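Okay, target-v2.txt now, which holds compact mmCIF, C-alpha atoms:
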```txt
# COMPACT_ATOMS: atom_id res chain seq x y z
CA MET G 1 -11.56 -2.29 19.82
CA ILE G 2 -12.93 -3.70 16.56
CA SER G 3 -11.21 -6.95 15.60
CA GLN G 4 -9.68 -7.52 12.15
CA ILE G 5 -12.37 -10.11 11.42
CA GLN G 6 -15.12 -7.61 12.27
CA GLN G 7 -13.44 -4.99 10.09
CA ASN G 8 -13.24 -7.41 7.17
CA GLU G 9 -16.89 -8.41 7.61
CA GLN G 10 -17.95 -4.75 7.74
CA LEU G 11 -15.94 -3.96 4.62
CA ALA G 12 -17.53 -6.92 2.80
CA LEU G 13 -21.02 -5.70 3.75
CA VAL G 14 -20.22 -2.18 2.58
CA GLN G 15 -18.84 -3.52 -0.71
CA ASP G 16 -21.91 -5.66 -1.32
CA SER G 17 -24.22 -2.73 -0.55
CA ALA G 18 -22.38 -0.41 -2.96
CA GLN G 19 -22.25 -3.11 -5.66
CA GLN G 20 -25.97 -3.77 -5.47
CA PHE G 21 -26.79 -0.07 -5.40
CA ALA G 22 -24.71 0.59 -8.51
CA LYS G 23 -26.23 -2.36 -10.33
CA GLU G 24 -29.83 -1.41 -9.54
CA PHE G 25 -29.87 2.39 -9.48
CA ILE G 26 -26.97 3.49 -11.71
CA LYS G 27 -26.08 0.96 -14.40
CA PRO G 28 -29.39 1.11 -16.35
CA TYR G 29 -29.11 4.88 -16.79
CA VAL G 30 -25.38 5.48 -17.32
CA MET G 31 -25.43 6.36 -21.02
CA GLU G 32 -28.70 8.28 -20.83
CA TRP G 33 -27.27 10.56 -18.13
CA ASP G 34 -23.98 10.87 -20.01
CA GLU G 35 -25.52 11.83 -23.34
CA LYS G 36 -27.95 14.34 -21.79
CA GLN G 37 -25.31 15.60 -19.34
CA TYR G 38 -27.95 15.06 -16.68
CA PHE G 39 -27.07 15.36 -13.00
CA PRO G 40 -29.42 12.90 -11.21
CA VAL G 41 -30.15 14.73 -7.95
CA GLU G 42 -32.74 12.10 -7.06
CA LEU G 43 -30.04 9.41 -7.16
CA PHE G 44 -27.97 11.28 -4.60
CA LYS G 45 -31.00 11.58 -2.34
CA LYS G 46 -31.25 7.77 -2.57
CA MET G 47 -27.53 7.45 -1.76
CA GLY G 48 -28.21 9.52 1.34
CA GLU G 49 -30.58 6.79 2.51
CA TYR G 50 -27.77 4.25 2.12
CA GLY G 51 -25.29 6.36 4.09
CA PHE G 52 -23.08 7.04 1.07
CA MET G 53 -23.35 10.83 1.34
CA GLY G 54 -21.94 11.03 4.85
CA VAL G 55 -19.52 8.13 4.88
CA LEU G 56 -16.96 9.78 7.15
CA VAL G 57 -19.45 11.81 9.21
CA PRO G 58 -19.98 10.52 12.79
CA GLU G 59 -23.34 9.03 13.67
CA GLU G 60 -24.06 11.90 16.07
CA TYR G 61 -24.46 14.09 12.96
CA GLN G 62 -26.54 11.43 11.15
CA GLY G 63 -23.57 10.15 9.16
CA ALA G 64 -22.47 6.57 8.57
CA GLY G 65 -19.51 6.90 10.93
CA LEU G 66 -17.22 4.82 8.72
CA GLY G 67 -13.52 5.13 7.87
CA TYR G 68 -11.43 5.61 4.76
CA GLN G 69 -11.24 1.89 3.92
CA GLU G 70 -15.02 1.77 3.61
CA TYR G 71 -15.03 5.09 1.75
CA ILE G 72 -12.46 3.79 -0.75
CA THR G 73 -14.55 0.67 -1.28
CA ILE G 74 -17.77 2.62 -1.91
CA LEU G 75 -16.09 4.96 -4.40
CA ASP G 76 -14.41 2.02 -6.13
CA GLU G 77 -17.67 0.12 -6.59
CA ILE G 78 -19.72 3.14 -7.71
CA SER G 79 -17.02 4.40 -10.11
CA LYS G 80 -16.62 0.94 -11.63
CA VAL G 81 -20.12 1.47 -13.02
CA CYS G 82 -20.06 5.26 -13.58
CA GLY G 83 -17.16 7.62 -13.00
CA SER G 84 -19.44 10.67 -13.08
CA ILE G 85 -21.45 9.50 -10.10
CA GLY G 86 -18.25 8.54 -8.29
CA LEU G 87 -16.82 12.01 -8.90
CA SER G 88 -19.87 13.78 -7.49
CA LEU G 89 -19.95 11.42 -4.52
CA ALA G 90 -16.28 12.18 -3.84
CA ALA G 91 -16.73 15.95 -4.15
CA HIS G 92 -19.68 15.99 -1.77
CA ASN G 93 -18.01 13.79 0.86
CA SER G 94 -14.34 14.76 0.71
CA LEU G 95 -14.58 18.47 0.01
CA CYS G 96 -17.69 20.30 1.18
CA THR G 97 -18.81 17.91 3.92
CA ASN G 98 -15.33 17.02 5.15
CA HIS G 99 -14.24 20.66 5.25
CA ILE G 100 -17.09 21.40 7.66
CA LEU G 101 -16.44 18.20 9.62
CA SER G 102 -12.72 18.91 9.93
CA PHE G 103 -12.61 22.64 10.63
CA ALA G 104 -16.04 24.09 11.49
CA ASN G 105 -17.22 24.96 14.98
CA GLU G 106 -19.83 22.88 16.78
CA GLU G 107 -22.73 25.16 15.89
CA GLN G 108 -21.84 24.96 12.19
CA LYS G 109 -21.43 21.19 12.36
CA GLU G 110 -24.82 20.72 13.98
CA LYS G 111 -26.48 22.92 11.39
CA TYR G 112 -24.92 21.57 8.20
CA LEU G 113 -23.57 18.04 8.69
CA PRO G 114 -26.92 16.26 9.22
CA ARG G 115 -28.34 17.89 6.08
CA LEU G 116 -25.27 16.96 4.03
CA ALA G 117 -24.86 13.45 5.43
CA THR G 118 -28.47 12.54 4.62
CA ALA G 119 -28.38 14.30 1.22
CA GLU G 120 -31.15 16.67 2.23
CA TRP G 121 -28.62 19.13 0.91
CA ILE G 122 -26.02 18.66 -1.84
CA GLY G 123 -22.62 20.23 -1.15
CA ALA G 124 -20.20 22.18 -3.36
CA TRP G 125 -16.63 23.37 -2.71
CA GLY G 126 -14.96 26.31 -4.41
CA LEU G 127 -11.24 26.93 -4.73
CA THR G 128 -10.40 27.05 -8.47
CA GLU G 129 -10.70 30.29 -10.43
CA THR G 130 -10.14 31.11 -14.09
CA GLY G 131 -6.74 32.60 -13.27
CA SER G 132 -5.71 30.28 -10.45
CA GLY G 133 -5.92 26.53 -10.78
CA SER G 134 -2.77 24.86 -9.50
CA ASP G 135 -1.68 28.30 -8.22
CA ALA G 136 -4.23 28.26 -5.42
CA GLY G 137 -2.45 31.10 -3.65
CA GLY G 138 -3.31 33.51 -6.47
CA LEU G 139 -7.03 33.84 -5.77
CA ALA G 140 -8.68 36.96 -7.17
CA THR G 141 -12.06 36.58 -5.44
CA THR G 142 -12.05 38.85 -2.40
CA ALA G 143 -13.95 39.35 0.83
CA VAL G 144 -13.89 42.74 2.54
CA GLN G 145 -15.23 43.05 6.07
CA ASP G 146 -18.09 45.48 6.64
CA GLY G 147 -19.16 45.36 10.28
CA ASP G 148 -20.52 41.88 11.06
CA TYR G 149 -20.53 40.93 7.38
CA PHE G 150 -18.03 40.19 4.63
CA VAL G 151 -18.73 41.49 1.11
CA ILE G 152 -17.56 38.96 -1.48
CA ASN G 153 -16.84 39.73 -5.14
CA GLY G 154 -15.40 37.49 -7.83
CA SER G 155 -15.99 34.03 -9.25
CA LYS G 156 -15.06 30.36 -9.07
CA THR G 157 -14.87 27.94 -11.99
CA PHE G 158 -15.02 24.17 -12.54
CA ILE G 159 -17.16 23.78 -9.43
CA THR G 160 -18.91 20.45 -8.96
CA HIS G 161 -22.61 20.97 -8.05
CA ALA G 162 -22.40 24.73 -8.60
CA ILE G 163 -26.00 24.80 -9.87
CA SER G 164 -27.68 22.06 -7.84
CA GLY G 165 -25.71 22.49 -4.63
CA ASP G 166 -27.61 23.78 -1.61
CA VAL G 167 -24.52 24.98 0.22
CA ALA G 168 -20.92 25.70 -0.77
CA VAL G 169 -17.68 26.01 1.12
CA VAL G 170 -15.70 28.69 -0.70
CA MET G 171 -12.11 29.90 -0.30
CA VAL G 172 -11.84 33.69 -0.70
CA ARG G 173 -8.91 36.07 -0.41
CA THR G 174 -9.03 38.27 2.70
CA GLY G 175 -5.34 39.24 2.63
CA GLU G 176 -2.55 39.69 0.13
CA LYS G 177 -2.05 37.42 -2.88
CA GLY G 178 0.41 34.64 -2.18
CA ASP G 179 0.03 34.95 1.60
CA LYS G 180 -0.88 31.49 2.92
CA HIS G 181 -2.74 33.24 5.74
CA GLY G 182 -4.56 35.56 3.35
CA VAL G 183 -7.40 33.17 2.42
CA THR G 184 -10.58 32.49 4.40
CA ALA G 185 -13.18 29.71 4.07
CA PHE G 186 -16.88 30.65 4.10
CA ILE G 187 -20.03 28.54 4.20
CA ILE G 188 -22.50 30.11 1.77
CA GLU G 189 -26.06 28.89 1.30
CA LYS G 190 -27.91 28.82 -1.98
CA GLY G 191 -30.24 31.80 -2.27
CA THR G 192 -27.89 34.23 -0.54
CA PRO G 193 -28.25 37.55 -2.42
CA GLY G 194 -25.39 38.12 -4.83
CA PHE G 195 -24.49 34.40 -4.95
CA THR G 196 -25.36 32.78 -8.30
CA ALA G 197 -24.28 29.95 -10.60
CA GLY G 198 -23.38 30.03 -14.28
CA LYS G 199 -24.41 27.66 -17.06
CA LYS G 200 -23.42 24.01 -17.03
CA ILE G 201 -20.04 23.37 -18.63
CA ASP G 202 -20.16 20.97 -21.60
CA LYS G 203 -17.43 18.42 -20.86
CA LEU G 204 -15.57 15.62 -22.62
CA GLY G 205 -16.21 13.13 -19.83
CA MET G 206 -17.74 12.93 -16.36
CA ARG G 207 -20.78 14.41 -18.05
CA ALA G 208 -23.35 13.36 -15.43
CA SER G 209 -21.36 15.18 -12.76
CA GLU G 210 -22.54 18.78 -12.83
CA THR G 211 -19.83 21.41 -13.33
CA ALA G 212 -20.35 25.19 -13.55
CA SER G 213 -19.05 28.53 -12.29
CA LEU G 214 -20.04 30.41 -9.16
CA PHE G 215 -20.40 34.20 -9.14
CA PHE G 216 -20.28 36.68 -6.25
CA ASP G 217 -21.63 40.19 -6.78
CA ASN G 218 -21.47 42.15 -3.53
CA CYS G 219 -22.51 38.96 -1.75
CA ARG G 220 -22.90 39.72 1.96
CA VAL G 221 -22.02 36.83 4.25
CA HIS G 222 -22.24 37.03 8.04
CA LYS G 223 -19.06 36.50 10.02
CA SER G 224 -20.70 33.45 11.66
CA GLN G 225 -20.24 31.68 8.30
CA VAL G 226 -16.44 31.80 8.51
CA ILE G 227 -14.91 28.35 9.04
CA GLY G 228 -12.21 28.54 11.68
CA ALA G 229 -10.39 31.86 11.89
CA VAL G 230 -10.07 34.52 9.23
CA GLY G 231 -6.96 33.66 7.22
CA ASP G 232 -7.05 29.91 7.88
CA GLY G 233 -8.75 28.91 4.61
CA PHE G 234 -5.67 28.11 2.53
CA VAL G 235 -4.08 25.95 5.22
CA GLN G 236 -7.41 24.17 5.71
CA ALA G 237 -7.70 23.49 1.99
CA LEU G 238 -4.21 21.99 1.78
CA LYS G 239 -4.92 19.65 4.69
CA LEU G 240 -8.27 18.72 3.20
CA LEU G 241 -6.74 17.84 -0.15
CA ASP G 242 -4.62 15.13 1.50
CA GLY G 243 -7.84 13.19 2.06
CA GLY G 244 -9.41 14.40 -1.16
CA ARG G 245 -6.59 12.87 -3.15
CA ILE G 246 -7.41 9.48 -1.66
CA SER G 247 -10.97 9.85 -2.92
CA ILE G 248 -9.84 10.73 -6.46
CA ALA G 249 -7.43 7.79 -6.32
CA ALA G 250 -10.35 5.52 -5.39
CA LEU G 251 -12.42 7.05 -8.19
CA SER G 252 -9.55 6.32 -10.59
CA LEU G 253 -9.32 2.76 -9.31
CA GLY G 254 -13.00 2.15 -10.00
CA ILE G 255 -12.78 3.54 -13.54
CA ALA G 256 -9.69 1.43 -14.25
CA ARG G 257 -11.39 -1.65 -12.86
CA GLY G 258 -14.48 -1.06 -14.99
CA ALA G 259 -12.39 -0.58 -18.14
CA TYR G 260 -10.37 -3.70 -17.35
CA LYS G 261 -13.48 -5.79 -16.70
CA CYS G 262 -15.10 -4.93 -20.04
CA ALA G 263 -11.82 -5.54 -21.90
CA LEU G 264 -11.38 -8.93 -20.23
CA GLN G 265 -14.93 -9.94 -21.08
CA TYR G 266 -14.65 -8.76 -24.68
CA ALA G 267 -11.30 -10.51 -25.20
CA ASN G 268 -12.83 -13.78 -24.05
CA GLU G 269 -15.84 -13.43 -26.36
CA ARG G 270 -14.35 -11.97 -29.54
CA GLU G 271 -12.88 -14.46 -32.02
CA GLN G 272 -10.37 -13.84 -34.80
CA PHE G 273 -8.51 -16.47 -36.82
CA ASN G 274 -10.49 -19.24 -35.06
CA GLN G 275 -9.47 -18.31 -31.52
CA LYS G 276 -10.42 -15.93 -28.72
CA ILE G 277 -8.41 -12.73 -29.03
CA PHE G 278 -7.36 -13.10 -25.39
CA ASP G 279 -5.21 -16.03 -26.54
CA PHE G 280 -3.14 -13.79 -28.77
CA GLN G 281 -0.06 -12.99 -26.74
CA ASP G 282 -0.25 -9.25 -27.35
CA VAL G 283 -3.80 -9.06 -26.01
CA GLY G 284 -3.20 -11.44 -23.11
CA PHE G 285 -0.07 -9.56 -22.05
CA THR G 286 -1.88 -6.23 -22.31
CA ILE G 287 -4.63 -7.43 -20.00
CA ALA G 288 -2.03 -8.89 -17.64
CA ASP G 289 -0.39 -5.45 -17.43
CA MET G 290 -3.77 -3.86 -16.74
CA ALA G 291 -4.53 -6.27 -13.89
CA THR G 292 -1.10 -5.82 -12.31
CA LYS G 293 -1.20 -2.02 -12.35
CA ILE G 294 -4.73 -1.97 -10.93
CA ASP G 295 -3.63 -4.13 -8.00
CA ALA G 296 -0.57 -1.93 -7.42
CA ALA G 297 -2.77 1.18 -7.44
CA GLU G 298 -5.13 -0.35 -4.89
CA LEU G 299 -2.25 -1.16 -2.56
CA LEU G 300 -1.09 2.47 -2.64
CA ILE G 301 -4.64 3.68 -1.99
CA ARG G 302 -5.26 1.24 0.86
CA ARG G 303 -1.97 2.29 2.49
CA ALA G 304 -3.00 5.95 2.33
CA GLY G 305 -6.44 5.06 3.71
CA HIS G 306 -4.84 3.19 6.63
CA LEU G 307 -2.64 6.16 7.48
CA LYS G 308 -5.65 8.47 7.37
CA ASP G 309 -7.75 6.16 9.55
CA THR G 310 -4.97 5.92 12.15
CA GLY G 311 -4.37 9.67 12.28
CA GLN G 312 -0.93 9.62 10.68
CA LYS G 313 0.51 12.07 8.19
CA VAL G 314 -0.55 11.14 4.67
CA THR G 315 0.62 13.97 2.41
CA LYS G 316 3.20 11.95 0.47
CA GLU G 317 1.24 8.71 0.40
CA SER G 318 -2.03 10.29 -0.76
CA ALA G 319 -0.18 12.16 -3.52
CA MET G 320 1.49 8.91 -4.62
CA ALA G 321 -1.84 7.08 -4.62
CA LYS G 322 -3.61 9.82 -6.57
CA TYR G 323 -0.79 10.25 -9.08
CA TYR G 324 -0.31 6.57 -9.80
CA ALA G 325 -3.99 5.52 -9.75
CA SER G 326 -5.09 8.37 -12.03
CA GLU G 327 -2.37 7.64 -14.57
CA VAL G 328 -3.26 3.93 -14.42
CA ALA G 329 -6.93 4.80 -15.06
CA VAL G 330 -5.94 6.68 -18.22
CA GLU G 331 -3.59 3.92 -19.39
CA VAL G 332 -5.99 1.06 -18.67
CA SER G 333 -8.98 2.79 -20.25
CA ASN G 334 -6.88 3.53 -23.33
CA GLN G 335 -5.81 -0.10 -23.54
CA SER G 336 -9.41 -1.21 -23.10
CA VAL G 337 -10.46 0.79 -26.17
CA GLN G 338 -7.57 -0.78 -28.07
CA VAL G 339 -8.58 -4.31 -27.07
CA HIS G 340 -12.09 -3.60 -28.35
CA GLY G 341 -10.70 -2.40 -31.67
CA GLY G 342 -13.23 -0.49 -33.77
CA TYR G 343 -16.01 -1.34 -31.33
CA GLY G 344 -14.11 0.49 -28.60
CA PHE G 345 -14.62 3.69 -30.55
CA THR G 346 -18.40 3.34 -30.48
CA LYS G 347 -20.99 4.06 -27.82
CA ASP G 348 -22.33 0.52 -28.14
CA TYR G 349 -19.58 -0.62 -25.78
CA PRO G 350 -18.64 0.93 -22.39
CA ALA G 351 -14.91 1.24 -23.13
CA GLU G 352 -15.23 4.68 -24.75
CA LYS G 353 -16.92 6.19 -21.69
CA TYR G 354 -14.26 4.91 -19.31
CA PHE G 355 -11.71 6.41 -21.70
CA ARG G 356 -13.42 9.83 -21.62
CA ASP G 357 -14.02 9.82 -17.87
CA ALA G 358 -10.52 8.73 -16.87
CA LYS G 359 -8.69 11.83 -18.07
CA LEU G 360 -10.25 14.11 -15.48
CA CYS G 361 -8.64 12.01 -12.72
CA THR G 362 -5.18 13.27 -13.75
CA ILE G 363 -6.39 16.88 -13.51
CA GLY G 364 -8.90 17.29 -10.66
CA GLU G 365 -7.71 17.98 -7.09
CA GLY G 366 -4.18 18.55 -8.32
CA THR G 367 -2.71 17.58 -11.68
CA SER G 368 -0.20 14.75 -12.02
CA ALA G 369 2.55 17.38 -12.17
CA ILE G 370 1.36 18.85 -8.86
CA GLN G 371 1.32 15.38 -7.28
CA LYS G 372 4.92 14.80 -8.36
CA MET G 373 5.85 18.20 -6.94
CA VAL G 374 4.26 17.26 -3.61
CA ILE G 375 5.96 13.85 -3.59
CA ALA G 376 9.34 15.38 -4.43
CA ARG G 377 8.97 17.99 -1.70
CA GLU G 378 8.11 15.33 0.87
CA ILE G 379 10.87 12.86 -0.03
CA LYS G 380 13.44 15.66 0.01
CA LYS G 381 12.73 15.90 3.74
CA ASP G 382 14.19 12.40 4.09
CA VAL G 383 17.60 13.57 2.91
CA ARG G 384 20.06 13.55 5.79
```
Taking this structure as input, can you express it in the form of structure tokens?
Amino acid sequence: MISQIQQNEQLALVQDSAQQFAKEFIKPYVMEWDEKQYFPVELFKKMGEYGFMGVLVPEEYQGAGLGYQEYITILDEISKVCGSIGLSLAAHNSLCTNHILSFANEEQKEKYLPRLATAEWIGAWGLTETGSGSDAGGLATTAVQDGDYFVINGSKTFITHAISGDVAVVMVRTGEKGDKHGVTAFIIEKGTPGFTAGKKIDKLGMRASETASLFFDNCRVHKSQVIGAVGDGFVQALKLLDGGRISIAALSLGIARGAYKCALQYANEREQFNQKIFDFQDVGFTIADMATKIDAAELLIRRAGHLKDTGQKVTKESAMAKYYASEVAVEVSNQSVQVHGGYGFTKDYPAEKYFRDAKLCTIGEGTSAIQKMVIAREIKKDVR
């Protein structure tokens, strides 16, 4: 049994490692990557050396073997410097890698987890389609069995690492639309005939996190690439998103913290009317609100992480954490721009990038409206 002191010491070491990594390998290049919409694959290979690409993967599969508290801390520290890198880190860990870790058979785990955990391979995960975002049960991409193979046709959109990913976990309809047992998860490797990626999507924010479409044109995938049983994919995805929402909440926390930090620093440097602008009540109160909401968001996230680490149900708590933290990220980044005034609208200061990056957090892995729907559904169960 690991003592609380040991846990705290481990968390402090993880935090220091992520802080130093972000300072040395990410911060100098943030705006260059953003402006060029460049996905730095080489950076993720480096993160593999630090254990950041297999945070939750057990050591037997060459992962770091850590828990959600450490994972939250890593995402927080990385995202505080660059939300794009935090987003890609979250997608790789929580979606592709964790889907295989959580639901794949032993042979599949042994084949894919070491490559993903060390960043030899970059992972992608495909659920969203042009006609089915929040309506995940309305998938149009289909897989029809042909002997030992499935023939897949259709497409996925808004897929992180669609171009650079070496392997993707993809949810495909094998039954009727709307049937929760009519979707199957497949592991599909890059280079499989009929499996291609589209052009990079030009985005408002999170520009260094690669996003594109995936296309399937009579793509033949062997039945050995099915994760779990045929028809289990939708249920797997819903369970996976409970943990994924914690990662997006942690991403949101980091962005909010970064926006707050630059606003605090600016307010204590900028002078108007012979005083620091922080000393104007409106500015000081605004920054006080920012600090309070960030702390409240972290408490919700840490609670969800604790429940996940101890094997308890986390559906409501992860939705609360994701909903609140993402909305706080948008609010705080907006306030940070306002504190900077005209300078906040320029690329000479970091506030504008936090502002652009934050919005995705209220959309990805379930919109704020979806989170409220999940929360409402769960709390209704408490009615006696």
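If all atoms listed in the file are the atoms counted, then among G:Ala259, G:Val374, G:Ile187, G:Val283 the closest residue to G:Val330 is G:Ala259.
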_Shell around stretch 41-44 of chain G at 10 Å using only C-alpha atoms, local window under 6 positions removed, as a PyMOL selection string_ = chain G and resi 25-26+50+52-53+85+88-89+92+118-122+161+164-165+210
Centre, x/y/z edge lengths, axis-aligned box for stretch 219-225 of chain G with 5 Å per side, as AutoDock Vina command-line options:
```
--center_x -21.0 --center_y 35.7 --center_z 5.0 --size_x 13.8 --size_y 18.0 --size_z 23.4
```
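For the set G:Phe278, G:Phe216, G:Tyr38, G:Phe21, the residue with the smallest atom-to-atom gap to G:Ser79 is G:Phe21, counting only C-alpha atoms.
Considering only C-alpha atoms, the residue among G:Gln7, G:Thr211, G:Gln225, G:Thr157 positioned nearest to G:Thr192 is G:Gln225.
Every protein, DNA or RNA residue with an atom at most 9 Å from stretch 338-340 of chain G, where all atoms listed in the file count and chain neighbours fewer than 6 positions away do not, is listed here: Cys262, Ala263, Leu264, Tyr266, Ala267, Arg270, Ile277, Val283, Thr286, Ile287, Tyr349 and Ala351 of chain G.
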*Which polymer residues have any atom within 12 Å of an atom of G:Asp34, counting all atoms listed in the file, with same-chain residues fewer than 5 positions away left out, as a count of residues only?*
26
*At what distance in Å, to one decimal, does atom CA of G:Lys46 lie from atom CA of G:Ile301?*
26.9 Å
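Across the structure, atom CA of G:Val151 and atom CA of G:Val172 are spaced 10.6 Å apart.
Among the candidate residues G:Tyr61, G:Gly344, G:Asp217, G:Leu251, the one lying nearest to G:Ile74 is G:Leu251, with distances computed using all atoms listed in the file.
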_Contacts of G:Leu11 at 9 Å (only C-alpha atoms; same-chain gap of 4+ positions) as a PyMOL selection string_ = chain G and resi 6-7+15-16+69-70+73
Store the residues picked out above, limited to C-alpha atoms, as a PDB file, keeping the file's coordinate frame.
```pdb
ATOM      1  CA  GLN G   6     -15.120  -7.610  12.270  1.00  0.00           C
ATOM      2  CA  GLN G   7     -13.440  -4.990  10.090  1.00  0.00           C
ATOM      3  CA  GLN G  15     -18.840  -3.520  -0.710  1.00  0.00           C
ATOM      4  CA  ASP G  16     -21.910  -5.660  -1.320  1.00  0.00           C
ATOM      5  CA  GLN G  69     -11.240   1.890   3.920  1.00  0.00           C
ATOM      6  CA  GLU G  70     -15.020   1.770   3.610  1.00  0.00           C
ATOM      7  CA  THR G  73     -14.550   0.670  -1.280  1.00  0.00           C
TER       8      THR G  73
END
```
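Minimum distance to G:Val57 across G:Ser17, G:Lys156, G:Leu101, G:Lys36 (counting all atoms listed in the file) occurs at G:Leu101.
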